[in-house]
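Accompanying notes for the structure given below.
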4 protein chains.
Amino acid sequence: MSERAGKQTIVSMAELETFLANEFPQAFGPGRPHTVVALGPRTATVRLDAGEDHLRPGGTVSGPSMMGLADVAVYVALLGQIGLVPLAVTTNLSINFLRKPAPGPLFADARLIKLGKRLAVGDVGLRGEGDGDLVAHCVATYSVPDRR
Amino acid sequence: MSERAGKQTIVSMAELETFLANEFPQAFGPGRPHTVVALGPRTATVRLDAGEDHLRPGGTVSGPSMMGLADVAVYVALLGQIGLVPLAVTTNLSINFLRKPAPGPLFADARLIKLGKRLAVGDVGLRGEGDGDLVAHCVATYSVPDRR
Amino acid sequence: MSERAGKQTIVSMAELETFLANEFPQAFGPGRPHTVVALGPRTATVRLDAGEDHLRPGGTVSGPSMMGLADVAVYVALLGQIGLVPLAVTTNLSINFLRKPAPGPLFADARLIKLGKRLAVGDVGLRGEGDGDLVAHCVATYSVPDRR
Amino acid sequence: MSERAGKQTIVSMAELETFLANEFPQAFGPGRPHTVVALGPRTATVRLDAGEDHLRPGGTVSGPSMMGLADVAVYVALLGQIGLVPLAVTTNLSINFLRKPAPGPLFADARLIKLGKRLAVGDVGLRGEGDGDLVAHCVATYSVPDRR
């Protein structure tokens with residue numbers, strides 16, 4: 001598959017936040033748990049400040065919340081490259097849970113390792129605040145809509 | 001890895017429901033979206049009646065909700081074999097999203113394809129009500145606690 | 001993604017064998033280790049009679065040989081549906097090794113769980129001869145070439 | 001799972017090469033296609049000079065050969081940490097094929113992202129010589145034998 005040419009981010013952080021708050025009103029926006037904290041060429045970092053819905057007894061973030069965070073981080077990195085198109089969908093996601101996360105915010109650092117005409121693949125590390133050890137590692141594939 | 005000997009379910013549905021409502025109070029119990037609808041030798045089916053938190057715009061169940069449903073269905077099938085021990089943890093989960101689910105309840109049919117001393121692996125199909133086509137397919141690995 | 005309409009196999013076993021012997025001359029053909037033993041609607045079974053190249057010390061089939069067998073079984077099931085086109089490529093493969101295989105032939109039973117315009121997904125169980133317990137379980141995604 | 005304490009490599013390159021040539025005589029040793037080219041703390045790089053058995057028509061390395069290369073690179077990184085024990089086995093491997101590799105040698109750069117008492121997880125990038133773009137990306141889990 002040929003690669004899309006551009007490696008520049010074509011979306012601003014403000015545009016992205018407005019788009020995400022509209023598309024995922026439970027996740028993004030004022031008072032919501034997810035925030036985009038960085039957007040670069042083929043990369044993005046999303047922060048999760050877990051509320052009660054995302055926690056397991058003991059105060060650690062639940063598995064599905066980590067999966068959702070990883071998934072959305074790849075989506076954000078992808079939107080930064082292809083623009084604010086709502087039709088990209090996850091086709092495959094594989095995650096390894098490595099350590100129990102400490103209480104506190106979680107960060108997902110996503111990096112696109114492929115950006116093709118049909119498919120994009122992102123690699124994601126999940127970590128706590130200021131902590132190098134990954135709590136989980138994920139790879140997700142998106143199907144990219146046709147563009148003109 | 002040697003296989004655990006028994007293939008009989010050692011837990012009743014009622015015991016299981018009480019355990020799950022205590023361990024996952026947001027997910028299981030009266031008024032909660034998840035229900036165990038079948039438990040067999042190495043198999044389990046869990047139903048999700050998605051509320052607003054689990055839906056995407058348009059009324060389809062979100063990806064993280066499907067991942068959580070698949071994960072818990074393997075957990076239930078495992079608990080049916082090893083008993084109500086809270087220490088089994090997911091180490092790996094891989095999911096393929098195959099079709100957009102229709103509105104309405106989702107069902108996860110899990111089947112353990114390995115039940116070893118250390119690891120258990122379950123295969124899960126997600127489907128709508130009375131519909132043979134899978135909306136997603138998942139394989140999840142659990143680390144099983146040491147038993148005496 | 002819309003599904004391709006037909007569920008009938010459009011290729012005969014003889015056509016398939018000729019095609020595979022040309023495309024994978026090290027794997028298929030007279031004296032080669034792989035044989036297609038069944039082809040059905042969205043299903044295929046491929047047999048591996050492992051030679052020295054495929055064995056690990058102790059006489060069990062190596063991991064890469066099992067991965068290759070699983071991959072090709074999905075490919076065969078796919079060719080049975082879309083015809084003998086050489087351009088379908090694997091984009092993702094995930095395998096769980098469940099038990100050490102006994103010496104002797106291995107069989108991969110593949111079943112397509114999605115056959116879309118762009119992507120096909122197959123689920124594969126690997127087993128020994130006449131033995132119900134899976135030695136490995138695999139899910140593979142193929143990118144399907146555009147058709148006219 | 002608690003982490004193993006040491007992050008130092010406890011095996012020399014020469015010890016490793018002797019061990020691998022004994023354990024995988026078809027893959028490692030004089031005249032064989034695989035070579036360990038780097039070994040560091042939790043990292044390893046393995047090179048594949050593909051012979052006819054590893055090539056597809058057109059001269060590109062086959063999928064199973066890439067899977068085998070990725071798998072063995074994680075194994076080498078693991079042996080560098082736990083010593084030359086033959087009992088570590090792959091339990092799960094997930095690979096994304098990103099681009100068709102150019103003819104020539106392939107390199108697998110593995111990094112352990114978890115080294116627990118029971119499980120080790122490695123992340124692997126596959127690339128051509130002097131080329132930054134990954135041709136494939138893989139994550140593999142090993143079951144680690146009990147140690148005294």
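Each chain in the structure tokens gets a letter, A, B and so on, in the order shown; residues start at 1 in every chain, and ligands are counted from 1 in the order they appear.
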Quick one: which residues from chain A are at most 12 Å off chain C, using only C-alpha atoms, as a PDB file with C-alpha atoms, in the first residue's frame?
ATOM      1  CA  MET A   1       0.000   0.000   0.000  1.00  0.00           C
ATOM      2  CA  LEU A  87     -15.471   7.697   9.351  1.00  0.00           C
ATOM      3  CA  ALA A  88     -12.247   6.078  10.426  1.00  0.00           C
ATOM      4  CA  VAL A  89     -13.113   2.925  12.383  1.00  0.00           C
ATOM      5  CA  THR A  91     -10.759  -2.867  12.799  1.00  0.00           C
ATOM      6  CA  ASN A  92      -8.305  -4.569  15.173  1.00  0.00           C
ATOM      7  CA  LEU A  93      -6.948  -3.831  18.617  1.00  0.00           C
ATOM      8  CA  SER A  94      -4.482  -5.931  20.568  1.00  0.00           C
ATOM      9  CA  ILE A  95      -3.400  -4.990  24.077  1.00  0.00           C
ATOM     10  CA  LYS A 114       1.705   2.936   9.103  1.00  0.00           C
ATOM     11  CA  GLY A 116      -1.686   3.876   4.141  1.00  0.00           C
ATOM     12  CA  LYS A 117      -4.526   4.567   1.759  1.00  0.00           C
ATOM     13  CA  ARG A 118      -6.788   2.004   3.403  1.00  0.00           C
ATOM     14  CA  LEU A 119      -5.255   1.167   6.762  1.00  0.00           C
ATOM     15  CA  ALA A 120      -3.435   3.009   9.520  1.00  0.00           C
ATOM     16  CA  VAL A 121      -1.638   1.238  12.366  1.00  0.00           C
ATOM     17  CA  VAL A 139      -1.443  -1.838  18.759  1.00  0.00           C
ATOM     18  CA  ALA A 140      -4.572  -0.721  16.900  1.00  0.00           C
ATOM     19  CA  THR A 141      -5.522  -0.744  13.218  1.00  0.00           C
ATOM     20  CA  TYR A 142      -7.961   1.728  11.693  1.00  0.00           C
ATOM     21  CA  SER A 143      -9.722   1.461   8.371  1.00  0.00           C
ATOM     22  CA  VAL A 144      -9.282   4.842   6.684  1.00  0.00           C
ATOM     23  CA  PRO A 145     -12.101   6.221   4.533  1.00  0.00           C
ATOM     24  CA  ASP A 146     -11.450   6.920   0.863  1.00  0.00           C
TER      25      ASP A 146
END
* Asked: DSSP says helix (DSSP H, G or I) for which residues of chain A? Put them as JSON, numbers by chain?
  -> {"A": [13, 14, 15, 16, 17, 18, 19, 20, 21, 22, 23, 52, 53, 54, 63, 64, 65, 66, 67, 68, 69, 70, 71, 72, 73, 74, 75, 76, 77, 78, 79, 80, 81, 82]}
Same residues, N, CA and C atoms, output as an mmCIF file, in the first residue's frame:
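And here is the file that came out, result_0.cif:
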data_model
loop_
_atom_site.group_PDB
_atom_site.id
_atom_site.type_symbol
_atom_site.label_atom_id
_atom_site.label_comp_id
_atom_site.auth_asym_id
_atom_site.auth_seq_id
_atom_site.Cartn_x
_atom_site.Cartn_y
_atom_site.Cartn_z
ATOM 1 N N MET A 13 -4.930 21.862 17.735
ATOM 2 C CA MET A 13 -5.437 21.278 18.978
ATOM 3 C C MET A 13 -6.854 21.765 19.274
ATOM 4 N N ALA A 14 -7.109 23.046 19.006
ATOM 5 C CA ALA A 14 -8.442 23.587 19.312
ATOM 6 C C ALA A 14 -9.516 22.958 18.422
ATOM 7 N N GLU A 15 -9.203 22.815 17.131
ATOM 8 C CA GLU A 15 -10.151 22.162 16.215
ATOM 9 C C GLU A 15 -10.417 20.717 16.651
ATOM 10 N N LEU A 16 -9.360 20.072 17.052
ATOM 11 C CA LEU A 16 -9.479 18.681 17.471
ATOM 12 C C LEU A 16 -10.358 18.550 18.704
ATOM 13 N N GLU A 17 -10.149 19.425 19.670
ATOM 14 C CA GLU A 17 -10.938 19.343 20.910
ATOM 15 C C GLU A 17 -12.423 19.576 20.648
ATOM 16 N N THR A 18 -12.725 20.524 19.780
ATOM 17 C CA THR A 18 -14.139 20.768 19.448
ATOM 18 C C THR A 18 -14.745 19.549 18.760
ATOM 19 N N PHE A 19 -13.992 18.987 17.822
ATOM 20 C CA PHE A 19 -14.475 17.808 17.104
ATOM 21 C C PHE A 19 -14.728 16.634 18.055
ATOM 22 N N LEU A 20 -13.772 16.370 18.938
ATOM 23 C CA LEU A 20 -13.892 15.222 19.844
ATOM 24 C C LEU A 20 -15.022 15.413 20.853
ATOM 25 N N ALA A 21 -15.212 16.660 21.318
ATOM 26 C CA ALA A 21 -16.299 16.912 22.273
ATOM 27 C C ALA A 21 -17.663 16.694 21.618
ATOM 28 N N ASN A 22 -17.734 16.939 20.301
ATOM 29 C CA ASN A 22 -18.988 16.670 19.589
ATOM 30 C C ASN A 22 -19.180 15.188 19.316
ATOM 31 N N GLU A 23 -18.077 14.550 18.942
ATOM 32 C CA GLU A 23 -18.239 13.151 18.547
ATOM 33 C C GLU A 23 -18.279 12.187 19.735
ATOM 34 N N GLU A 52 -15.229 7.636 38.706
ATOM 35 C CA GLU A 52 -15.709 6.394 39.318
ATOM 36 C C GLU A 52 -16.039 5.318 38.278
ATOM 37 N N ASP A 53 -16.572 5.742 37.143
ATOM 38 C CA ASP A 53 -16.952 4.782 36.101
ATOM 39 C C ASP A 53 -15.772 4.005 35.537
ATOM 40 N N HIS A 54 -14.585 4.592 35.649
ATOM 41 C CA HIS A 54 -13.416 3.976 35.029
ATOM 42 C C HIS A 54 -12.585 3.170 36.015
ATOM 43 N N GLY A 63 -9.623 -2.305 32.901
ATOM 44 C CA GLY A 63 -9.130 -2.735 31.600
ATOM 45 C C GLY A 63 -9.855 -2.071 30.440
ATOM 46 N N PRO A 64 -11.185 -2.099 30.406
ATOM 47 C CA PRO A 64 -11.870 -1.450 29.287
ATOM 48 C C PRO A 64 -11.555 0.035 29.167
ATOM 49 N N SER A 65 -11.336 0.712 30.299
ATOM 50 C CA SER A 65 -10.972 2.133 30.216
ATOM 51 C C SER A 65 -9.600 2.306 29.589
ATOM 52 N N MET A 66 -8.673 1.376 29.907
ATOM 53 C CA MET A 66 -7.357 1.457 29.277
ATOM 54 C C MET A 66 -7.459 1.176 27.778
ATOM 55 N N MET A 67 -8.289 0.212 27.417
ATOM 56 C CA MET A 67 -8.466 -0.100 25.991
ATOM 57 C C MET A 67 -9.064 1.104 25.258
ATOM 58 N N GLY A 68 -10.055 1.741 25.872
ATOM 59 C CA GLY A 68 -10.667 2.911 25.249
ATOM 60 C C GLY A 68 -9.683 4.059 25.109
ATOM 61 N N LEU A 69 -8.853 4.245 26.131
ATOM 62 C CA LEU A 69 -7.850 5.318 26.082
ATOM 63 C C LEU A 69 -6.835 5.065 24.965
ATOM 64 N N ALA A 70 -6.357 3.833 24.873
ATOM 65 C CA ALA A 70 -5.381 3.498 23.826
ATOM 66 C C ALA A 70 -5.994 3.695 22.439
ATOM 67 N N ASP A 71 -7.205 3.235 22.288
ATOM 68 C CA ASP A 71 -7.904 3.330 20.996
ATOM 69 C C ASP A 71 -8.052 4.787 20.567
ATOM 70 N N VAL A 72 -8.474 5.633 21.487
ATOM 71 C CA VAL A 72 -8.720 7.029 21.122
ATOM 72 C C VAL A 72 -7.409 7.772 20.859
ATOM 73 N N ALA A 73 -6.329 7.353 21.504
ATOM 74 C CA ALA A 73 -5.040 8.007 21.248
ATOM 75 C C ALA A 73 -4.573 7.760 19.813
ATOM 76 N N VAL A 74 -4.793 6.561 19.321
ATOM 77 C CA VAL A 74 -4.446 6.286 17.916
ATOM 78 C C VAL A 74 -5.357 7.093 16.994
ATOM 79 N N TYR A 75 -6.619 7.153 17.341
ATOM 80 C CA TYR A 75 -7.588 7.928 16.537
ATOM 81 C C TYR A 75 -7.163 9.396 16.444
ATOM 82 N N VAL A 76 -6.733 9.962 17.566
ATOM 83 C CA VAL A 76 -6.295 11.363 17.578
ATOM 84 C C VAL A 76 -5.055 11.554 16.706
ATOM 85 N N ALA A 77 -4.087 10.639 16.833
ATOM 86 C CA ALA A 77 -2.890 10.745 15.984
ATOM 87 C C ALA A 77 -3.264 10.665 14.511
ATOM 88 N N LEU A 78 -4.246 9.829 14.208
ATOM 89 C CA LEU A 78 -4.693 9.674 12.826
ATOM 90 C C LEU A 78 -5.417 10.931 12.328
ATOM 91 N N LEU A 79 -6.310 11.483 13.151
ATOM 92 C CA LEU A 79 -7.016 12.711 12.751
ATOM 93 C C LEU A 79 -6.037 13.849 12.495
ATOM 94 N N GLY A 80 -4.967 13.885 13.267
ATOM 95 C CA GLY A 80 -3.946 14.912 13.062
ATOM 96 C C GLY A 80 -3.326 14.847 11.674
ATOM 97 N N GLN A 81 -3.371 13.669 11.055
ATOM 98 C CA GLN A 81 -2.793 13.489 9.720
ATOM 99 C C GLN A 81 -3.824 13.588 8.602
ATOM 100 N N ILE A 82 -5.022 13.038 8.828
ATOM 101 C CA ILE A 82 -5.970 12.973 7.707
ATOM 102 C C ILE A 82 -7.073 14.018 7.830
#
* What gap, in Å, lies between atom CA of Leu115 of chain A and atom CA of Pro86 of chain C? ->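 These atoms are spaced 23.3 Å apart.
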* Structure fact -> Counting only C-alpha atoms, closest pick from C:Arg32, C:Gly125, C:Val135, C:Arg47 relative to Ser62 of chain C is C:Val135
* Asked: Which polymer residues have any atom within 9 Å of an atom of segment 101-107 of chain D, counting only C-alpha atoms, with same-chain residues fewer than 2 positions away left out, as a list of chain:residue names?
  ->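 After dropping sequence-adjacent residues, the list is D:Val37, D:Thr45, D:Val46, D:Arg47, D:Leu48, D:Asp49, D:Ala50, D:Gly58, D:Gly59, D:Thr60, D:Val61, D:Met66, D:Leu69, D:Ala70, D:Leu98, D:Arg99, D:Asp109, D:Gly125, D:Leu126, D:Arg127, D:Gly128, D:Glu129, D:Leu134, D:Val135, D:Ala136.
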File dump, residues just selected, N, CA and C atoms, as a PDB file, in the first residue's frame:
ATOM      1  N   VAL D  37      23.078  -9.667  16.142  1.00  0.00           N
ATOM      2  CA  VAL D  37      24.014  -8.571  15.865  1.00  0.00           C
ATOM      3  C   VAL D  37      24.132  -7.589  17.019  1.00  0.00           C
ATOM      4  N   THR D  45      19.056  -7.380  18.758  1.00  0.00           N
ATOM      5  CA  THR D  45      18.802  -7.249  17.325  1.00  0.00           C
ATOM      6  C   THR D  45      19.289  -8.515  16.632  1.00  0.00           C
ATOM      7  N   VAL D  46      18.425  -9.111  15.821  1.00  0.00           N
ATOM      8  CA  VAL D  46      18.763 -10.316  15.068  1.00  0.00           C
ATOM      9  C   VAL D  46      18.613 -10.004  13.586  1.00  0.00           C
ATOM     10  N   ARG D  47      19.570 -10.487  12.799  1.00  0.00           N
ATOM     11  CA  ARG D  47      19.594 -10.262  11.354  1.00  0.00           C
ATOM     12  C   ARG D  47      19.216 -11.548  10.617  1.00  0.00           C
ATOM     13  N   LEU D  48      18.446 -11.403   9.569  1.00  0.00           N
ATOM     14  CA  LEU D  48      18.094 -12.532   8.700  1.00  0.00           C
ATOM     15  C   LEU D  48      18.605 -12.260   7.297  1.00  0.00           C
ATOM     16  N   ASP D  49      19.509 -13.121   6.843  1.00  0.00           N
ATOM     17  CA  ASP D  49      19.922 -13.104   5.436  1.00  0.00           C
ATOM     18  C   ASP D  49      19.168 -14.230   4.756  1.00  0.00           C
ATOM     19  N   ALA D  50      18.068 -13.851   4.164  1.00  0.00           N
ATOM     20  CA  ALA D  50      17.121 -14.852   3.686  1.00  0.00           C
ATOM     21  C   ALA D  50      17.703 -15.664   2.540  1.00  0.00           C
ATOM     22  N   GLY D  58       9.475 -13.107  -6.393  1.00  0.00           N
ATOM     23  CA  GLY D  58       9.734 -11.675  -6.416  1.00  0.00           C
ATOM     24  C   GLY D  58      10.886 -11.292  -5.501  1.00  0.00           C
ATOM     25  N   GLY D  59      11.279 -12.217  -4.623  1.00  0.00           N
ATOM     26  CA  GLY D  59      12.483 -11.984  -3.828  1.00  0.00           C
ATOM     27  C   GLY D  59      12.242 -11.317  -2.486  1.00  0.00           C
ATOM     28  N   THR D  60      10.977 -11.177  -2.073  1.00  0.00           N
ATOM     29  CA  THR D  60      10.766 -10.595  -0.743  1.00  0.00           C
ATOM     30  C   THR D  60      10.629 -11.710   0.290  1.00  0.00           C
ATOM     31  N   VAL D  61      10.993 -11.362   1.510  1.00  0.00           N
ATOM     32  CA  VAL D  61      10.966 -12.338   2.604  1.00  0.00           C
ATOM     33  C   VAL D  61       9.516 -12.724   2.907  1.00  0.00           C
ATOM     34  N   MET D  66       9.308 -13.727   8.538  1.00  0.00           N
ATOM     35  CA  MET D  66       9.297 -12.516   9.369  1.00  0.00           C
ATOM     36  C   MET D  66       8.777 -12.833  10.769  1.00  0.00           C
ATOM     37  N   LEU D  69      11.535 -14.575  12.632  1.00  0.00           N
ATOM     38  CA  LEU D  69      12.597 -13.632  12.990  1.00  0.00           C
ATOM     39  C   LEU D  69      12.187 -12.780  14.194  1.00  0.00           C
ATOM     40  N   ALA D  70      10.963 -12.282  14.184  1.00  0.00           N
ATOM     41  CA  ALA D  70      10.488 -11.466  15.305  1.00  0.00           C
ATOM     42  C   ALA D  70      10.460 -12.282  16.594  1.00  0.00           C
ATOM     43  N   LEU D  98       3.385  -4.232   7.558  1.00  0.00           N
ATOM     44  CA  LEU D  98       3.159  -2.817   7.249  1.00  0.00           C
ATOM     45  C   LEU D  98       3.514  -2.457   5.813  1.00  0.00           C
ATOM     46  N   ARG D  99       4.598  -2.999   5.306  1.00  0.00           N
ATOM     47  CA  ARG D  99       5.055  -2.708   3.945  1.00  0.00           C
ATOM     48  C   ARG D  99       5.740  -3.946   3.402  1.00  0.00           C
ATOM     49  N   ASP D 109      14.539  -5.591  15.747  1.00  0.00           N
ATOM     50  CA  ASP D 109      14.969  -4.914  16.973  1.00  0.00           C
ATOM     51  C   ASP D 109      13.944  -5.191  18.068  1.00  0.00           C
ATOM     52  N   GLY D 125      10.380  -4.320  16.185  1.00  0.00           N
ATOM     53  CA  GLY D 125      10.241  -3.681  14.886  1.00  0.00           C
ATOM     54  C   GLY D 125      11.111  -4.402  13.871  1.00  0.00           C
ATOM     55  N   LEU D 126      10.563  -4.673  12.698  1.00  0.00           N
ATOM     56  CA  LEU D 126      11.343  -5.291  11.609  1.00  0.00           C
ATOM     57  C   LEU D 126      11.611  -4.245  10.538  1.00  0.00           C
ATOM     58  N   ARG D 127      12.848  -4.184  10.079  1.00  0.00           N
ATOM     59  CA  ARG D 127      13.237  -3.155   9.114  1.00  0.00           C
ATOM     60  C   ARG D 127      14.297  -3.728   8.182  1.00  0.00           C
ATOM     61  N   GLY D 128      14.472  -3.043   7.034  1.00  0.00           N
ATOM     62  CA  GLY D 128      15.560  -3.373   6.136  1.00  0.00           C
ATOM     63  C   GLY D 128      16.853  -2.729   6.622  1.00  0.00           C
ATOM     64  N   GLU D 129      17.895  -2.887   5.809  1.00  0.00           N
ATOM     65  CA  GLU D 129      19.196  -2.340   6.200  1.00  0.00           C
ATOM     66  C   GLU D 129      19.185  -0.824   6.034  1.00  0.00           C
ATOM     67  N   LEU D 134       9.437   0.809   9.268  1.00  0.00           N
ATOM     68  CA  LEU D 134       9.235  -0.573   9.668  1.00  0.00           C
ATOM     69  C   LEU D 134       8.506  -1.341   8.568  1.00  0.00           C
ATOM     70  N   VAL D 135       8.953  -2.563   8.313  1.00  0.00           N
ATOM     71  CA  VAL D 135       8.204  -3.419   7.390  1.00  0.00           C
ATOM     72  C   VAL D 135       7.169  -4.242   8.145  1.00  0.00           C
ATOM     73  N   ALA D 136       7.410  -4.470   9.430  1.00  0.00           N
ATOM     74  CA  ALA D 136       6.430  -5.180  10.247  1.00  0.00           C
ATOM     75  C   ALA D 136       6.677  -4.806  11.700  1.00  0.00           C
TER      76      ALA D 136
END
* What does the distance from atom CA of Ile10 of chain B to atom CA of Thr90 of chain B come to in Å, to one decimal? ->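 About the pair atom CA of Ile10 of chain B and atom CA of Thr90 of chain B: they are 21.1 Å apart.
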* Spatial neighbours of Arg111 of chain B, max dist 6 Å, only C-alpha atoms, sep filter under 4 positions, as an MDAnalysis selection string -> chainID B and resid 42:43 122:123
* **atom CA of Val11 of chain C to atom CA of Ala44 of chain C, distance in Å rounded to a single decimal** =>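 We find that atom CA of Val11 of chain C and atom CA of Ala44 of chain C lie 12.0 Å from each other.
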